[in-house]
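*Asks:* I'd like to ask some things about the structure below.
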Amino acid sequence: MENMTKHQFILLVLLVSFVTALVTGIVTVALVSQNPQPITQTIQRVIERSQAVLTPEPLKKDETAQLEVAALSRDALIEDIASRVSPAVVSVVASKDVPIVEQYFINPFPENDLFKDFFPDLKVPQYRQKGIEKKQVSAGSGFLISSDGLMVTNRHVVEDKDAEYTVIMNNGKKMPAKVLARDPLNDMAILKIDGSNFSFIPLGDSNSVKIGQTAIVIGNALGEFQNTVSIGVISGLRRTITASGANFGPEELSEVIQTDAAINPGNSGGPLLNLKGEIVGLNTAMAQGADSIGFSIPINQIKRSIDDVRASGKIVYPYIGVRYVLVTPSVKEKNKLSVEYGALVSPGQNNEDAIVLNSPASRAGIKEGDTILEFNGTKITADNSLNKLIQSHRVGDKVALKILRASKELTVNVTLEERKEQ
């Protein structure tokens, strides 16, 4: 190194730098060829995969055809149901003798009155009855449930006991109808027309109805458009509503079915149908100030009344003869009760007696202020009200009531008797 010239030293440095750069380049190329793809390419692929997941694949030709066939099949099914049941859906018209009022005009002053000379052309209207005429006073819907002419409608459609009722069939034929029974608890009534071989609609099972199922409503919409068909779904179950508009005033209906199928004035008394063409409800009310909110009485609540009329010609309800309020947190607090369930025996809203005179409850010694906790071993709650438990039994059944009285529990036995129509 000592004998190396300056020129030789520079050449050596350049040679070492070249070799070093060459080796570095070869190593870098080898490493890059073994590394994964750049991060930008990886993100792009993630985005592509996400889009593939979020964007549904277009339906295949056979899948589209299947959906079209299903839609056509549903339409055909509804058309078939409407065609089959329409002959059994009727209009119920109430007619009544009403006075014919005639208007006439007279001069109010007597013949020899001085004012008559001053006002000879003065005339005032007067009214007088000129005979009577039969006039339609209301209209609703109904449906036949047997080939012998037995039919169901709402009680408020036939509530006027002085009116005459006519059924207008699907073909326009008019037939007189007799009201066999008016239900004292539910808004339903049973009628009869003479004849045989009538089309009728089978009764379904309202306990099997589910929210979201298709609902079909048929009735005499607005009292004018006979056999109007509307389609919707079951929107709710076990609703409690206060229905008004009847002559006997508002009434509470419990356990009713809610639907968005159009129920218009005049549809009252018509059937609510499922996709089997069976009756699952009796259309009874619509919500005022809202669209597509209608209510039907479950057909299972009506079946026993139909059986009663067939067997005895009247609707029979058992009762024990108490007025009560269900125990709620507010009722518990207000009355300082020690329980959170049961039926507190209380006077009515208009201060009616809590215990009906000569009723099963009065004979069993039940008192105002008692809380009935259990009915034949079943706790009384909002889902199992006392009235609901009573109506699940028959007249003549003996039942045990567990009662809380002044912090002591006792059991009394009562025999259910027939509720008289008020």
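Starting from 1 in every chain, residues are counted up; chains themselves are A, B, ... following the order of the structure tokens, and ligands are numbered from 1 as listed.
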Write out as a ChimeraX atom specification the set of residues from stretch 87-204 of chain A that DSSP, computed on the backbone, places in helix (DSSP H, G or I).
*Replies:* /A:87-88,114-118,155-157
*Asks:* Go ahead and save the picked residues with C-alpha atoms, as a tab-separated table (two decimals), in the first residue's frame.
*Replies:*
```
chain	number	residue	atom	x	y	z
A	87	PRO	CA	-122.52	-15.32	-2.54
A	88	ALA	CA	-122.49	-15.84	1.24
A	114	LEU	CA	-156.49	44.20	12.02
A	115	PHE	CA	-152.94	43.07	11.38
A	116	LYS	CA	-154.11	40.64	8.75
A	117	ASP	CA	-155.27	43.59	6.63
A	118	PHE	CA	-151.82	45.14	6.92
A	155	ARG	CA	-125.28	-6.26	17.16
A	156	HIS	CA	-125.18	-2.54	16.37
A	157	VAL	CA	-126.39	-3.31	12.81
```
*Asks:* Could you build a table of the residues in stretch 278-303 of chain A lying no more than 9 Å from stretch 262-265 of chain A, giving for each the nearest pair of atoms and their separation in Å rounded to one decimal place, using only C-alpha atoms, ordered by chain and ascending residue number, as a tab-separated table?
*Replies:*
```
residue	atom	partner	partner_atom	distance
A:Asn283	CA	A:Ile263	CA	7.3
A:Thr284	CA	A:Ile263	CA	8.5
A:Ala285	CA	A:Ile263	CA	7.5
A:Met286	CA	A:Ile263	CA	6.4
A:Asp291	CA	A:Ala262	CA	8.3
A:Ser292	CA	A:Ala262	CA	5.8
A:Ile293	CA	A:Ala262	CA	7.7
A:Gly294	CA	A:Ile263	CA	5.7
A:Phe295	CA	A:Ile263	CA	8.1
```
*Asks:* In Å, with one decimal, what is the gap from atom CA of A:Pro329 to atom CA of A:Lys388?
*Replies:*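 About the pair atom CA of A:Pro329 and atom CA of A:Lys388: they are 20.9 Å apart.
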*Asks:* Could you check the closest approach to A:Ile234 for each of A:Asn220, A:Leu253, A:Ala139, A:Leu272 and tell me which residue wins, using only C-alpha atoms?
*Replies:* A:Leu272
*Asks:* Report as a PDB file with N, CA and C atoms, in the first residue's frame all protein, DNA and RNA residues lying within 6 Å of A:Asn154, evaluated on only C-alpha atoms, omitting residues in the same chain fewer than 3 positions from it.
*Replies:*
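For reference, part.pdb as written:
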```pdb
ATOM      1  N   VAL A 157    -125.702  -3.356  14.102  1.00  0.00           N
ATOM      2  CA  VAL A 157    -126.392  -3.307  12.813  1.00  0.00           C
ATOM      3  C   VAL A 157    -127.879  -3.597  12.989  1.00  0.00           C
ATOM      4  N   ASP A 187    -120.168  -7.430  20.285  1.00  0.00           N
ATOM      5  CA  ASP A 187    -120.918  -6.704  19.265  1.00  0.00           C
ATOM      6  C   ASP A 187    -121.264  -7.656  18.122  1.00  0.00           C
ATOM      7  N   MET A 188    -122.110  -8.632  18.417  1.00  0.00           N
ATOM      8  CA  MET A 188    -122.524  -9.596  17.399  1.00  0.00           C
ATOM      9  C   MET A 188    -123.969 -10.001  17.607  1.00  0.00           C
ATOM     10  N   ALA A 189    -124.582 -10.428  16.524  1.00  0.00           N
ATOM     11  CA  ALA A 189    -125.964 -10.902  16.566  1.00  0.00           C
ATOM     12  C   ALA A 189    -126.114 -12.027  15.554  1.00  0.00           C
ATOM     13  N   GLY A 269    -120.075  -6.038  10.330  1.00  0.00           N
ATOM     14  CA  GLY A 269    -120.811  -7.290  10.225  1.00  0.00           C
ATOM     15  C   GLY A 269    -120.298  -8.215   9.147  1.00  0.00           C
TER      16      GLY A 269
END
```
*Asks:* Show which residues sit within 8 Å of A:Pro108, as a PyMOL selection string. Count only C-alpha atoms, and ignore same-chain residues fewer than 4 positions away.
*Replies:* chain A and resi 122-124
*Asks:* In Å to one decimal, how far is atom CA of A:Arg239 from atom CA of A:Glu368?
*Replies:* 29.2 Å
*Asks:* A:Ile380, A:Ser199, A:Pro184, A:Val217: which is nearest A:Lys420, counting only C-alpha atoms?
*Replies:*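 Using only C-alpha atoms, A:Lys420 sits closest to A:Pro184.
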*Asks:* Mind checking DSSP for stretch 157-381 of chain A and telling me the strand (DSSP E or B) residues as an NGL selection string?
*Replies:* :A and (164-168 or 174-182 or 189-192 or 203 or 214-221 or 225-243 or 251-259 or 271-273 or 279-286 or 294-298 or 318-319 or 322 or 324-326 or 343-345 or 355 or 371-375 or 378-379)
*Asks:* Residues at most 10 Å from A:Asn300, counting only C-alpha atoms, excluding those fewer than 4 positions away in the same chain, as JSON, numbers by chain?
*Replies:* {"A": [203, 204, 205, 206, 207, 279, 280, 281, 304, 305]}
*Asks:* Which residues are close to A:Lys173, i.e. within 12 Å by only C-alpha atoms, leaving aside same-chain residues fewer than 4 positions away? Reply as JSON, numbers by chain.
*Replies:* {"A": [87, 90, 91, 166, 167, 168, 169]}
*Asks:* One number please: atom CA of A:Leu191 to atom CA of A:Thr153, in Å, one decimal.
*Replies:*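 Computed distance, atom CA of A:Leu191 to atom CA of A:Thr153, equals 7.6 Å.
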*Asks:* Nearest to A:Ala364 among A:Leu344, A:Val309, A:Val412, A:Ala287, with distances taken over only C-alpha atoms: which residue is it?
*Replies:*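 Between A:Leu344, A:Val309, A:Val412, A:Ala287, the residue approaching A:Ala364 most closely is A:Val412.
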*Asks:* Name all residues at most 8 Å from A:Asn227 (count only C-alpha atoms; drop same-chain ones fewer than 5 positions away) and give them as number ranges by chain.
*Replies:* A: 86, 89-90, 170, 218-221
